[in-house]
Structure formats: structure tokens, C-alpha cells
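> Please find entry23.cif (mmCIF, C-alpha atoms) on the next line:
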```
data_start
#
loop_
_atom_site.label_atom_id
_atom_site.label_comp_id
_atom_site.auth_asym_id
_atom_site.auth_seq_id
_atom_site.Cartn_x
_atom_site.Cartn_y
_atom_site.Cartn_z
CA MET E 1 10.39 23.69 10.58
CA PRO E 2 7.22 21.91 9.47
CA ILE E 3 6.94 18.15 9.61
CA LYS E 4 7.50 16.83 6.11
CA VAL E 5 5.22 14.09 4.87
CA LEU E 6 6.13 12.40 1.60
CA ALA E 7 3.50 10.13 0.08
CA PHE E 8 3.59 7.73 -2.84
CA ALA E 9 0.36 6.89 -4.63
CA GLY E 10 1.47 3.57 -6.08
CA SER E 11 -1.53 2.47 -8.07
CA PRO E 12 -1.54 2.78 -11.84
CA ARG E 13 -5.24 3.62 -11.50
CA ARG E 14 -5.46 7.26 -10.47
CA HIS E 15 -7.92 8.13 -7.70
CA GLY E 16 -8.88 4.51 -7.11
CA ASN E 17 -9.27 2.81 -3.73
CA SER E 18 -5.68 2.87 -2.46
CA GLU E 19 -5.20 6.51 -3.51
CA THR E 20 -8.50 7.50 -1.89
CA LEU E 21 -7.33 5.87 1.33
CA LEU E 22 -4.07 7.78 0.97
CA ASP E 23 -5.89 11.07 0.35
CA TRP E 24 -7.89 10.58 3.56
CA VAL E 25 -4.73 10.03 5.59
CA LEU E 26 -2.99 13.00 3.97
CA ALA E 27 -5.99 15.28 4.50
CA SER E 28 -6.00 14.41 8.16
CA MET E 29 -2.24 15.02 8.46
CA GLY E 30 -2.39 18.24 6.45
CA GLY E 31 -5.11 19.52 8.75
CA GLU E 32 -2.65 19.58 11.66
CA THR E 33 -0.44 22.62 12.29
CA ASP E 34 3.11 22.77 10.89
CA VAL E 35 2.77 19.89 8.49
CA SER E 36 3.69 19.98 4.81
CA VAL E 37 2.46 17.19 2.58
CA GLU E 38 3.71 16.13 -0.83
CA LYS E 39 2.09 13.37 -2.87
CA ILE E 40 3.82 11.68 -5.78
CA ALA E 41 1.86 9.46 -8.17
CA LEU E 42 4.23 6.68 -9.18
CA SER E 43 2.48 6.29 -12.53
CA GLU E 44 3.83 9.76 -13.39
CA ALA E 45 7.13 9.66 -11.50
CA ASN E 46 9.34 8.09 -14.20
CA ILE E 47 11.06 5.64 -11.85
CA ASN E 48 12.76 2.82 -13.72
CA MET E 49 13.36 -0.64 -12.36
CA CYS E 50 16.61 -1.57 -10.59
CA ASN E 51 19.19 -2.93 -13.06
CA GLY E 52 20.74 -5.21 -10.45
CA CYS E 53 24.15 -3.89 -11.50
CA ASN E 54 25.33 -3.31 -7.90
CA ALA E 55 27.20 -0.17 -8.98
CA CYS E 56 25.67 1.61 -5.98
CA GLU E 57 27.80 -0.59 -3.73
CA LYS E 58 30.82 1.33 -5.00
CA LEU E 59 29.43 4.66 -6.18
CA ASN E 60 26.98 5.33 -3.32
CA ARG E 61 24.50 6.42 -5.98
CA CYS E 62 22.49 4.87 -8.74
CA ILE E 63 23.84 5.02 -12.28
CA GLN E 64 20.33 5.54 -13.69
CA ARG E 65 19.21 9.15 -14.19
CA ASP E 66 15.46 9.36 -13.84
CA GLY E 67 12.72 10.43 -11.46
CA MET E 68 14.50 8.64 -8.62
CA ASP E 69 17.13 11.42 -8.55
CA THR E 70 14.72 13.81 -6.84
CA VAL E 71 12.73 11.11 -5.04
CA HIS E 72 15.96 9.88 -3.42
CA ASP E 73 16.57 13.29 -1.82
CA LYS E 74 12.94 13.66 -0.79
CA ILE E 75 13.04 10.27 0.96
CA ILE E 76 15.98 11.47 3.05
CA GLU E 77 14.38 14.81 3.89
CA ALA E 78 10.95 13.47 4.86
CA ASP E 79 9.88 12.81 8.45
CA CYS E 80 7.06 10.51 7.44
CA ILE E 81 6.91 8.39 4.30
CA VAL E 82 3.55 7.03 3.25
CA LEU E 83 3.43 4.23 0.71
CA ALA E 84 0.09 3.27 -0.83
CA SER E 85 -0.33 0.24 -3.05
CA PRO E 86 -3.13 -1.91 -4.31
CA ILE E 87 -2.52 -5.64 -4.00
CA PHE E 88 -2.12 -7.21 -7.43
CA CYS E 89 -1.60 -10.98 -7.61
CA MET E 90 -0.91 -11.20 -3.87
CA GLY E 91 1.87 -8.61 -3.93
CA LEU E 92 2.70 -4.94 -4.34
CA ALA E 93 1.80 -3.44 -7.71
CA ALA E 94 4.80 -3.70 -10.06
CA GLN E 95 5.12 0.10 -10.06
CA VAL E 96 5.53 0.08 -6.28
CA LYS E 97 7.94 -2.84 -6.41
CA ALA E 98 10.07 -0.79 -8.83
CA LEU E 99 10.35 2.04 -6.27
CA VAL E 100 11.04 -0.38 -3.44
CA ASP E 101 13.78 -2.14 -5.42
CA ARG E 102 15.43 1.18 -6.27
CA ALA E 103 15.93 1.69 -2.52
CA GLN E 104 18.88 -0.65 -3.09
CA VAL E 105 21.09 2.46 -3.12
CA PHE E 106 20.16 3.03 0.55
CA ARG E 107 20.86 -0.59 1.39
CA SER E 108 24.30 -0.30 -0.21
CA ARG E 109 24.97 2.94 1.66
CA LYS E 110 23.93 1.42 4.98
CA TYR E 111 25.36 -2.09 4.81
CA VAL E 112 28.17 -2.04 2.26
CA LEU E 113 29.58 1.47 2.57
CA LYS E 114 28.53 1.80 6.24
CA LEU E 115 27.39 5.38 5.81
CA PRO E 116 24.43 7.05 7.51
CA ILE E 117 21.08 7.48 5.73
CA VAL E 118 19.97 10.45 7.84
CA PRO E 119 21.99 12.64 10.25
CA PRO E 120 22.23 11.12 13.76
CA GLU E 121 19.87 13.70 15.30
CA ARG E 122 17.07 12.53 12.98
CA ARG E 123 17.41 8.84 13.67
CA GLY E 124 14.40 7.34 15.43
CA LYS E 125 12.33 10.35 14.39
CA ARG E 126 11.08 9.03 11.09
CA PHE E 127 7.81 7.23 10.58
CA GLY E 128 6.37 5.05 7.87
CA ILE E 129 2.79 4.37 6.91
CA PHE E 130 1.84 1.54 4.60
CA LEU E 131 -1.60 1.73 3.07
CA ALA E 132 -3.02 -1.02 0.94
CA THR E 133 -6.28 -2.10 -0.59
CA ALA E 134 -7.19 -5.47 -2.05
CA GLY E 135 -10.12 -6.79 -4.00
CA GLN E 136 -9.99 -10.21 -2.37
CA ASN E 137 -11.61 -10.58 1.03
CA TRP E 138 -8.96 -12.95 2.43
CA ASP E 139 -7.32 -11.80 5.65
CA HIS E 140 -3.93 -12.99 4.43
CA VAL E 141 -4.10 -11.08 1.13
CA PHE E 142 -1.57 -8.50 2.41
CA ALA E 143 0.87 -10.97 3.98
CA ALA E 144 3.22 -11.40 1.02
CA ALA E 145 3.59 -7.65 0.44
CA ILE E 146 4.62 -6.83 4.00
CA PRO E 147 8.18 -8.24 3.96
CA SER E 148 9.03 -5.98 0.99
CA VAL E 149 7.49 -2.99 2.75
CA LYS E 150 9.45 -3.65 5.95
CA CYS E 151 12.63 -4.03 3.95
CA PHE E 152 12.00 -0.72 2.15
CA TYR E 153 11.48 1.17 5.41
CA HIS E 154 14.39 -0.57 7.07
CA VAL E 155 16.93 0.56 4.49
CA ILE E 156 15.69 4.16 4.62
CA ASP E 157 16.14 4.22 8.42
CA ILE E 158 12.56 3.87 9.55
CA ARG E 159 12.33 1.39 12.40
CA ASP E 160 10.00 -1.56 12.30
CA ALA E 161 8.15 -0.29 15.38
CA ASP E 162 7.61 3.06 13.66
CA ILE E 163 5.74 1.65 10.67
CA HIS E 164 1.97 1.99 10.83
CA TYR E 165 -0.36 -0.06 8.67
CA LEU E 166 -3.84 0.44 7.34
CA MET E 167 -4.89 -2.30 4.95
CA ILE E 168 -8.42 -2.66 3.66
CA ASN E 169 -9.53 -5.81 1.86
CA ASN E 170 -12.70 -6.59 -0.09
CA VAL E 171 -12.64 -3.32 -2.07
CA ASP E 172 -12.30 -3.95 -5.80
CA GLU E 173 -14.21 -1.64 -8.13
CA LYS E 174 -13.23 2.01 -8.25
CA GLY E 175 -14.95 3.85 -5.42
CA ALA E 176 -15.68 0.72 -3.38
CA ILE E 177 -13.71 2.11 -0.45
CA GLU E 178 -16.15 5.02 -0.14
CA ARG E 179 -18.75 2.50 1.01
CA HIS E 180 -16.44 0.79 3.52
CA PRO E 181 -17.86 1.16 7.04
CA THR E 182 -14.65 2.09 8.89
CA ALA E 183 -11.86 2.92 6.41
CA LYS E 184 -12.34 6.69 6.35
CA ASN E 185 -12.43 7.00 10.14
CA GLU E 186 -9.42 4.76 10.52
CA ALA E 187 -7.50 6.81 7.95
CA ASP E 188 -8.44 10.00 9.69
CA MET E 189 -7.30 8.76 13.09
CA LEU E 190 -4.11 7.26 11.71
CA GLY E 191 -3.06 10.57 10.16
CA LYS E 192 -3.67 12.48 13.37
CA ASP E 193 -1.99 9.85 15.55
CA VAL E 194 1.17 9.70 13.48
CA ILE E 195 1.56 13.49 13.43
CA ALA E 196 0.99 13.61 17.22
CA GLU E 197 3.61 10.90 17.75
CA LEU E 198 6.08 12.67 15.49
CA LYS E 199 5.62 15.93 17.36
CA LYS E 200 6.22 14.10 20.62
CA ARG E 201 9.43 12.56 19.25
CA PHE E 202 10.66 15.93 18.02
CA SER E 203 10.10 17.64 21.38
CA SER E 204 11.71 14.89 23.45
CA MET Z 1 5.25 -34.20 -29.90
CA THR Z 2 7.90 -33.60 -27.34
CA VAL Z 3 7.37 -31.98 -23.98
CA THR Z 4 7.95 -28.23 -24.14
CA VAL Z 5 9.64 -26.42 -21.28
CA PHE Z 6 9.58 -22.64 -21.27
CA GLY Z 7 12.02 -20.73 -19.07
CA ILE Z 8 11.39 -17.12 -18.13
CA SER Z 9 14.30 -15.21 -16.68
CA GLY Z 10 13.10 -12.28 -14.59
CA SER Z 11 16.45 -10.96 -13.50
CA PRO Z 12 17.78 -7.68 -14.89
CA HIS Z 13 21.26 -9.06 -14.33
CA ARG Z 14 22.30 -11.29 -17.25
CA HIS Z 15 23.88 -14.66 -16.47
CA GLY Z 16 23.75 -14.05 -12.73
CA ASN Z 17 22.91 -16.58 -10.04
CA THR Z 18 19.24 -17.01 -10.85
CA GLU Z 19 19.62 -17.26 -14.62
CA THR Z 20 22.47 -19.74 -14.17
CA LEU Z 21 20.24 -21.88 -11.97
CA LEU Z 22 17.44 -21.65 -14.55
CA ASP Z 23 19.86 -22.62 -17.32
CA LYS Z 24 20.87 -25.75 -15.42
CA PHE Z 25 17.24 -26.74 -14.99
CA LEU Z 26 16.58 -26.23 -18.71
CA GLU Z 27 19.71 -28.17 -19.59
CA GLY Z 28 18.45 -31.12 -17.55
CA ALA Z 29 15.04 -30.95 -19.19
CA GLN Z 30 16.61 -30.85 -22.65
CA GLU Z 31 18.84 -33.78 -21.87
CA ALA Z 32 15.71 -35.76 -20.93
CA GLY Z 33 14.17 -35.04 -24.33
CA ALA Z 34 12.18 -31.86 -23.82
CA THR Z 35 12.11 -28.95 -26.25
CA VAL Z 36 13.41 -25.99 -24.35
CA GLU Z 37 12.98 -22.28 -24.90
CA LYS Z 38 14.06 -19.32 -22.77
CA VAL Z 39 13.17 -15.64 -22.71
CA VAL Z 40 14.84 -12.86 -20.80
CA LEU Z 41 12.28 -10.35 -19.60
CA LYS Z 42 14.64 -7.38 -19.67
CA ASP Z 43 15.00 -7.80 -23.46
CA LEU Z 44 11.24 -7.62 -24.01
CA HIS Z 45 8.97 -4.62 -24.21
CA TYR Z 46 5.89 -4.55 -22.05
CA SER Z 47 4.38 -2.17 -19.57
CA PRO Z 48 3.03 -3.12 -16.16
CA CYS Z 49 -0.75 -3.47 -15.66
CA ARG Z 50 -2.58 -0.12 -15.73
CA GLY Z 51 -5.36 -1.35 -13.48
CA CYS Z 52 -7.93 -0.04 -15.98
CA ASN Z 53 -10.09 -3.18 -15.61
CA ALA Z 54 -11.10 -3.06 -19.28
CA CYS Z 55 -10.40 -6.81 -19.34
CA HIS Z 56 -13.15 -7.33 -16.79
CA LYS Z 57 -15.61 -6.51 -19.60
CA THR Z 58 -13.91 -8.02 -22.64
CA GLY Z 59 -11.50 -10.64 -21.32
CA ASP Z 60 -8.73 -9.06 -23.38
CA CYS Z 61 -5.97 -6.67 -22.42
CA ILE Z 62 -6.14 -3.35 -24.25
CA VAL Z 63 -2.36 -3.09 -24.11
CA GLN Z 64 -1.01 -5.27 -26.91
CA ASP Z 65 2.70 -5.76 -26.38
CA ASP Z 66 5.22 -8.51 -25.67
CA ALA Z 67 3.41 -9.53 -22.47
CA ILE Z 68 0.47 -10.91 -24.45
CA VAL Z 69 2.76 -12.89 -26.77
CA LEU Z 70 4.53 -14.22 -23.70
CA TYR Z 71 1.27 -15.37 -22.11
CA ASP Z 72 0.38 -17.19 -25.37
CA THR Z 73 3.74 -18.97 -25.20
CA ILE Z 74 3.19 -19.83 -21.53
CA MET Z 75 -0.24 -21.29 -22.23
CA ALA Z 76 1.17 -23.45 -25.03
CA ALA Z 77 3.96 -24.95 -22.88
CA ASP Z 78 3.84 -28.10 -20.78
CA CYS Z 79 6.17 -26.71 -18.15
CA ILE Z 80 7.12 -23.17 -17.22
CA ALA Z 81 10.15 -22.36 -15.10
CA VAL Z 82 9.78 -18.82 -13.85
CA ALA Z 83 12.94 -17.33 -12.43
CA SER Z 84 13.59 -14.25 -10.34
CA PRO Z 85 16.16 -13.29 -7.77
CA ILE Z 86 14.82 -11.96 -4.49
CA TYR Z 87 14.98 -8.17 -4.42
CA THR Z 88 13.70 -6.43 -1.29
CA MET Z 89 12.06 -9.65 -0.04
CA GLY Z 90 10.08 -10.24 -3.23
CA ILE Z 91 10.37 -11.03 -6.92
CA THR Z 92 11.80 -8.37 -9.25
CA ALA Z 93 9.65 -5.56 -10.60
CA GLU Z 94 10.21 -6.99 -14.11
CA LEU Z 95 8.57 -10.28 -13.22
CA LYS Z 96 5.90 -8.65 -11.06
CA GLY Z 97 5.08 -6.41 -14.03
CA LEU Z 98 4.52 -9.47 -16.21
CA ILE Z 99 2.48 -11.31 -13.58
CA ASP Z 100 0.20 -8.31 -12.99
CA ARG Z 101 -0.53 -8.27 -16.72
CA GLY Z 102 -2.20 -11.68 -16.37
CA GLN Z 103 -5.26 -9.93 -14.97
CA TYR Z 104 -7.14 -10.58 -18.25
CA LEU Z 105 -6.90 -14.31 -17.59
CA TRP Z 106 -8.22 -13.81 -14.08
CA ALA Z 107 -11.11 -11.84 -15.58
CA GLN Z 108 -11.80 -14.64 -18.08
CA LYS Z 109 -11.85 -17.17 -15.26
CA PHE Z 110 -13.73 -15.42 -12.52
CA ILE Z 111 -15.76 -12.61 -14.07
CA LEU Z 112 -16.60 -13.71 -17.60
CA LYS Z 113 -16.29 -17.45 -16.86
CA THR Z 114 -14.97 -18.14 -20.36
CA LEU Z 115 -11.78 -19.84 -19.19
CA TYR Z 116 -11.70 -23.02 -17.16
CA PHE Z 117 -8.94 -25.52 -16.54
CA THR Z 118 -9.82 -29.12 -15.73
CA ASP Z 119 -7.90 -30.95 -13.00
CA GLU Z 120 -6.52 -33.14 -15.77
CA HIS Z 121 -5.15 -30.09 -17.60
CA ILE Z 122 -3.59 -28.68 -14.45
CA LYS Z 123 -1.94 -31.99 -13.63
CA LYS Z 124 -0.30 -32.07 -17.06
CA HIS Z 125 1.05 -28.52 -16.78
CA LYS Z 126 3.81 -27.96 -14.29
CA GLY Z 127 4.97 -24.62 -12.92
CA ILE Z 128 8.34 -24.25 -11.27
CA PHE Z 129 9.73 -21.25 -9.40
CA VAL Z 130 13.46 -20.69 -9.69
CA SER Z 131 15.08 -18.22 -7.34
CA THR Z 132 18.18 -17.18 -5.47
CA ALA Z 133 18.65 -14.75 -2.62
CA GLY Z 134 21.70 -13.05 -1.21
CA LEU Z 135 20.50 -13.34 2.36
CA GLY Z 136 20.65 -16.57 4.33
CA TRP Z 137 17.27 -16.22 6.06
CA ASP Z 138 14.96 -19.21 5.77
CA LYS Z 139 12.02 -16.89 5.21
CA VAL Z 140 13.59 -14.89 2.39
CA PHE Z 141 11.40 -16.53 -0.29
CA ASP Z 142 8.13 -16.33 1.68
CA GLY Z 143 6.95 -13.10 0.05
CA ALA Z 144 7.48 -14.57 -3.42
CA PHE Z 145 5.59 -17.87 -3.02
CA PRO Z 146 2.02 -16.46 -2.88
CA VAL Z 147 2.69 -14.35 -5.98
CA MET Z 148 3.94 -17.41 -7.86
CA THR Z 149 0.88 -19.34 -6.71
CA ALA Z 150 -1.29 -16.57 -8.16
CA LEU Z 151 0.57 -16.77 -11.49
CA PHE Z 152 0.42 -20.55 -11.81
CA ASN Z 153 -3.27 -20.55 -10.87
CA SER Z 154 -4.17 -17.99 -13.47
CA VAL Z 155 -2.44 -19.87 -16.31
CA GLY Z 156 -3.72 -23.31 -15.29
CA PHE Z 157 -0.42 -24.81 -14.14
CA GLU Z 158 0.17 -26.93 -11.07
CA TYR Z 159 2.69 -25.28 -8.73
CA TYR Z 160 4.99 -28.26 -8.95
CA ASP Z 161 8.27 -27.34 -7.34
CA ASN Z 162 10.70 -24.69 -6.17
CA ILE Z 163 14.32 -24.56 -7.21
CA ILE Z 164 15.67 -22.08 -4.73
CA ALA Z 165 18.96 -21.30 -3.07
CA ASN Z 166 19.57 -18.64 -0.46
CA ASP Z 167 22.76 -17.30 1.17
CA MET Z 168 24.38 -16.41 -2.19
CA ASP Z 169 26.33 -13.55 -0.57
CA ARG Z 170 28.04 -15.98 1.77
CA TYR Z 171 28.67 -18.65 -0.88
CA GLY Z 172 30.02 -16.04 -3.27
CA GLY Z 173 27.61 -17.05 -6.01
CA ILE Z 174 25.65 -20.05 -7.23
CA ARG Z 175 28.69 -21.80 -8.68
CA GLN Z 176 30.12 -22.12 -5.19
CA HIS Z 177 26.92 -23.65 -3.83
CA PRO Z 178 27.52 -27.34 -3.10
CA THR Z 179 24.26 -28.78 -4.46
CA ALA Z 180 22.00 -26.17 -6.10
CA LEU Z 181 23.13 -26.55 -9.73
CA SER Z 182 23.16 -30.33 -9.77
CA GLU Z 183 19.74 -30.40 -8.10
CA ALA Z 184 18.36 -28.00 -10.70
CA TYR Z 185 19.70 -30.23 -13.48
CA GLU Z 186 18.15 -33.32 -11.92
CA LYS Z 187 14.82 -31.57 -11.41
CA GLY Z 188 14.87 -30.56 -15.07
CA GLN Z 189 15.37 -34.16 -16.12
CA LYS Z 190 12.71 -35.35 -13.74
CA VAL Z 191 9.95 -32.95 -14.75
CA ALA Z 192 10.55 -33.66 -18.45
CA ARG Z 193 10.15 -37.39 -17.81
CA VAL Z 194 7.09 -36.95 -15.60
CA LEU Z 195 5.40 -34.80 -18.23
CA ALA Z 196 6.27 -37.21 -21.04
CA TYR Z 197 4.74 -40.01 -18.99
CA LEU Z 198 1.60 -37.97 -18.22
CA ARG Z 199 1.17 -37.21 -21.92
CA GLU Z 200 1.07 -40.86 -22.80
CA SER Z 201 -1.21 -41.86 -19.95
CA PRO Z 202 -4.93 -41.77 -20.82
#
```
Written as C-alpha cells, that's how I'd like the structure from this file.


Amino acid sequence: MPIKVLAFAGSPRRHGNSETLLDWVLASMGGETDVSVEKIALSEANINMCNGCNACEKLNRCIQRDGMDTVHDKIIEADCIVLASPIFCMGLAAQVKALVDRAQVFRSRKYVLKLPIVPPERRGKRFGIFLATAGQNWDHVFAAAIPSVKCFYHVIDIRDADIHYLMINNVDEKGAIERHPTAKNEADMLGKDVIAELKKRFSS
Amino acid sequence: MTVTVFGISGSPHRHGNTETLLDKFLEGAQEAGATVEKVVLKDLHYSPCRGCNACHKTGDCIVQDDAIVLYDTIMAADCIAVASPIYTMGITAELKGLIDRGQYLWAQKFILKTLYFTDEHIKKHKGIFVSTAGLGWDKVFDGAFPVMTALFNSVGFEYYDNIIANDMDRYGGIRQHPTALSEAYEKGQKVARVLAYLRESP
């Protein structure tokens, strides 16, 4: 069984900085043996916002029928979930926040209905990667996005210690990341490292 | 002219904890003589920012929808009370979608340099964040504050106050909270009076 990597390109701007960073990570992962990679562009994924209706606390599913129907199953099946977002106004892009909020169904399953997210044999064998780019050069420009990211991974049964981060600031105009001195190398290494760690987890 | 207070409800859930808290604040402001208006974001039609950066050249957003009208209303108010529950440790996607659309103002300020707010202007325009969270953690609002700072900065409002209450799940809703609603009402009265005073001062 190949390792399944599911990636979300969260920027409304296709092939901009955060998606380029994502593509580098995915290329490095896809270059390893027994890895299948799927990338979903959120701008084309038809994922509505959470209604806040709390129906999932009773139904164990969302009452909205949209792109999340298939994305929900893919999130469960994946071994590694990569989330890429630009920072807009100090936070995740609204499109990414919509996906993250729709993970409420997993939170209800886990904490209200007390049901498992993944089968017991897969617990502790799931990884997350958060990729972000920001135009501002402040070090703290990513700080406000991280709690939402941790929360997202937590409810889909990816442990805090198993989330990897690569966040590049000071890249604004389209293509700026191509000129960044270290981003491509870091992305490359991150992809390889995470696949190596996953393989180690699977064999132990 | 009376002080105008504009409430923006960013919750998809009508008349829930956050909107109730916002309503109390607006009620207080009205009682103190302000003209009060409220919009509910879920009833409006706007798309999130496309990140096209066209506004970096023109200063205008190429997407003309309710978000632009809303920003005009914001800019004309003396006080804005922006309300969102905490979802997944941040503001709702509805409100984030609106805030991201303010990029054209950022472009006017920092790229085109056609928009500038004096300290005097900022002092006379007050921004208030209204929020509730189910969880009882102290840090549950921390991811929201920097985003609200970004919003208030871009529209030339002073980030004046927070009206926030956590631990809603344990209280069983805002109406069971011992102080939140009465504090919101008092803060509404207070900000209306402060702004009326600032208007008259030279």
C-alpha cells in the first residue's frame, strides 16, 4: 500500500508563492518510492463555510452536501495531510479557514460522540505539514494562524508532535519565493524527511 | 449629528451567543444616544479575496459586491463592533472573508499612498471586537486579536476594546453568564458617550 499524501493548495491565487512551496514539497515526496500524492486547490473544491448548526453533534455528518463530502473521506484515508495557505491580514486565507471550520464534524465525532477518527492501528501514524507564505517580513506574522492549524490537525487525529511547519515570510509578489535563498531546499528536505519518518512509523 | 455605531455579526448562527452579546452592546450604545445599525454577514453576498492584487495598481477592488458597500458603511461610522464566535481557534470564515477583502484599502495606504488617517481621525473612530468561545481556555481568543488589529488598522479605527466571553459550553450559553451581557451594555453606553464627547472637543 503506498503512502497517501493529501495536499490542499489554499490560496485563491493559483501557482503563487504558497502553492509553489507546496509543489516543491509534493515533488520531493512524490519522488520517493511507494508514495501517492493528491493535490486539491481549495479555490476549485466547492467547500462551503460551516453553518454553525451543530447538527454534526447528533448526525455524525455534516448536513451540507458539497465538495467536503469527498474531502472528508480523503482526510480520513490520508497518511499525510499538507495544508498550504498564504497569510492574509495576519491569519489563514478565508478559503482555508472555511476548510478548517468544516472539520467541526471530526471534532463532534471525537469529543461529543466519542467515536474514532481513524482505525486504532493507524493512530500515531499520520503526519501533518503546514506551509505558509507571507508578504510581511515580521517573524510573528504566522503566529495567529498556528492555533487554528493545530486545532484542525488535532481533530483529524494528527498529533501536535507530528505536525511539521515550513513558513516563509517576506515573499509578496507572485514568484517571489523562487528568489528565496533557502525555501526550495527546505521544502525538498521536509518532503523527504516526512516520508522517511512515515515509513519508519509504518514498519515499527 | 449623532454618533453612529455599526455592528457586524459574523456568526452563521442567528441569535446565538455572539450576536446576543453584540445586540446588548448596541442596545447600550442606542440608549446613550447613538444611531445604531447592524448587518448579519451570512445574509450578504460577497466572495472572499481572490488574491489577484489588481488593487495594488488601482486602489479599487475589481469584485464589486456587498463587501465594498459594507466597507463604505464601516468608513462612515464612528464606531464599529465586529462580532464573531471563535471557530477552530480563530474568527469565522465569513468574517475572515470580509476582512481579507479590505486589501484594497491596504493597497491605498501602503502602495499607492492615497489613503492616510491622522491620529486625530483614529482617536475619533473606535473599533470593538465582540466574541464568544465554547472553550474555557484563556488563550482561546489569541488567534483572533491580530486579525482584528489588521482590520481596524486598515479602516483607520482605534482598536478600543474587546467584549469577549469564553467557557460558553460550561455556562450553557451567554444568558447564563453572570456578567457578560451587562458589561456589553455598559460598554455600549460608554463608547457612545466617549465618542459624543470627542466629536465636540476641538

> Between atom CA of Z:Thr73 and atom CA of Z:Tyr116, what is the distance, to one decimal in Å?

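Result for atom CA of Z:Thr73 versus atom CA of Z:Tyr116: 17.9 Å, one decimal.
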
> Skipping near chain neighbours, those fewer than 4 positions away, what residues fall within 10 Å of stretch 22-39 of chain E using all atoms listed in the file, listed as a ChimeraX atom specification?

/E:1-10,15-18,74,78,80-85,129-132,166,183-196,199

> Mind telling me what the PyMOL selection byres ((chain Z) within 9 of (chain E)) catches here, as a PyMOL selection string?

chain Z and resi 11-13+48-53+87-100+102-103+140+142-151

> Please dump the current selection as a compact mmCIF listing (two decimals), in the frame of the given file; keep C-alpha atoms.


```txt
# COMPACT_ATOMS: atom_id res chain seq x y z
CA SER Z 11 16.45 -10.96 -13.50
CA PRO Z 12 17.78 -7.68 -14.89
CA HIS Z 13 21.26 -9.06 -14.33
CA PRO Z 48 3.03 -3.12 -16.16
CA CYS Z 49 -0.75 -3.47 -15.66
CA ARG Z 50 -2.58 -0.12 -15.73
CA GLY Z 51 -5.36 -1.35 -13.48
CA CYS Z 52 -7.93 -0.04 -15.98
CA ASN Z 53 -10.09 -3.18 -15.61
CA TYR Z 87 14.98 -8.17 -4.42
CA THR Z 88 13.70 -6.43 -1.29
CA MET Z 89 12.06 -9.65 -0.04
CA GLY Z 90 10.08 -10.24 -3.23
CA ILE Z 91 10.37 -11.03 -6.92
CA THR Z 92 11.80 -8.37 -9.25
CA ALA Z 93 9.65 -5.56 -10.60
CA GLU Z 94 10.21 -6.99 -14.11
CA LEU Z 95 8.57 -10.28 -13.22
CA LYS Z 96 5.90 -8.65 -11.06
CA GLY Z 97 5.08 -6.41 -14.03
CA LEU Z 98 4.52 -9.47 -16.21
CA ILE Z 99 2.48 -11.31 -13.58
CA ASP Z 100 0.20 -8.31 -12.99
CA GLY Z 102 -2.20 -11.68 -16.37
CA GLN Z 103 -5.26 -9.93 -14.97
CA VAL Z 140 13.59 -14.89 2.39
CA ASP Z 142 8.13 -16.33 1.68
CA GLY Z 143 6.95 -13.10 0.05
CA ALA Z 144 7.48 -14.57 -3.42
CA PHE Z 145 5.59 -17.87 -3.02
CA PRO Z 146 2.02 -16.46 -2.88
CA VAL Z 147 2.69 -14.35 -5.98
CA MET Z 148 3.94 -17.41 -7.86
CA THR Z 149 0.88 -19.34 -6.71
CA ALA Z 150 -1.29 -16.57 -8.16
CA LEU Z 151 0.57 -16.77 -11.49
```

> Have a look at atom CA of Z:Arg170 and atom CA of E:Gln64 and let me know their distance in Å, one decimal.

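Answer for the atom CA of Z:Arg170 to atom CA of E:Gln64 separation: 27.6 Å.
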
> Quick one: of Z:Val40, Z:Leu115, Z:Ile174, Z:Ile86, who's nearest to Z:Leu70, counting only C-alpha atoms?

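With only C-alpha atoms as the atom set, the closest residue is Z:Val40.
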
> Using the chain letters and numbers from the file, give me the residues hit by the PyMOL selection byres ((chain E and resi 163) around 9), as an NGL selection string.

:E and (127-130 or 150 or 153 or 158-162 or 164-165)

> Ranking Z:Ala83, Z:Ala77, Z:Ile164, Z:Cys55 by minimum distance to Z:Met1 and counting all atoms listed in the file, which one comes first?

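Using all atoms listed in the file, the shortest distance to Z:Met1 belongs to Z:Ala77.
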
> Could you state the separation of atom CA of Z:Asn162 and atom CA of Z:Phe129 in Å, given to one decimal place?

4.8 Å

> Name the residues in contact with Z:His177 at a cut-off of 9 Å, using all atoms listed in the file, excluding same-chain residues fewer than 5 positions from it; report them as a PyMOL selection string.

chain Z and resi 165+168+171-172

> Decode the PyMOL selection byres ((chain Z and resi 191-201) around 9) for the given file into explicit residues and return them as a list in words.

Thr2, Val3, Thr4, Val5, Gly28, Ala29, Gln30, Glu31, Ala32, Gly33, Ala34, Asp78, Cys79, Lys123, Lys124, His125, Lys126, Tyr160, Glu186, Lys187, Gly188, Gln189, Lys190 and Pro202 of chain Z

> Between Z:Lys57, Z:Lys24, Z:His45, Z:His15, which is the closest to Z:Lys113 once you count only C-alpha atoms?

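That would be Z:Lys57, the residue with the smallest distance to Z:Lys113.
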
> Any idea what's packed within 12 Å of E:Leu115, counting only C-alpha atoms, ignoring anything in its chain fewer than 3 positions away? Could you give it as JSON, numbers by chain?

{"E": [57, 60, 105, 106, 107, 108, 109, 110, 111, 112, 118, 119, 120, 155, 156, 157]}

> When you look at Z:Leu135 with a cut-off of 7 Å (counting only C-alpha atoms), what residues show up, excluding the ones that are within fewer than 3 positions of it in the same chain? I need them as a ChimeraX atom specification.

/Z:166-169

> Using only C-alpha atoms, which of Z:Ile111, Z:Ile8, Z:Val69, Z:Ile62 sits nearest Z:Leu41?

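Among Z:Ile111, Z:Ile8, Z:Val69, Z:Ile62, it is Z:Ile8 that comes nearest to Z:Leu41.
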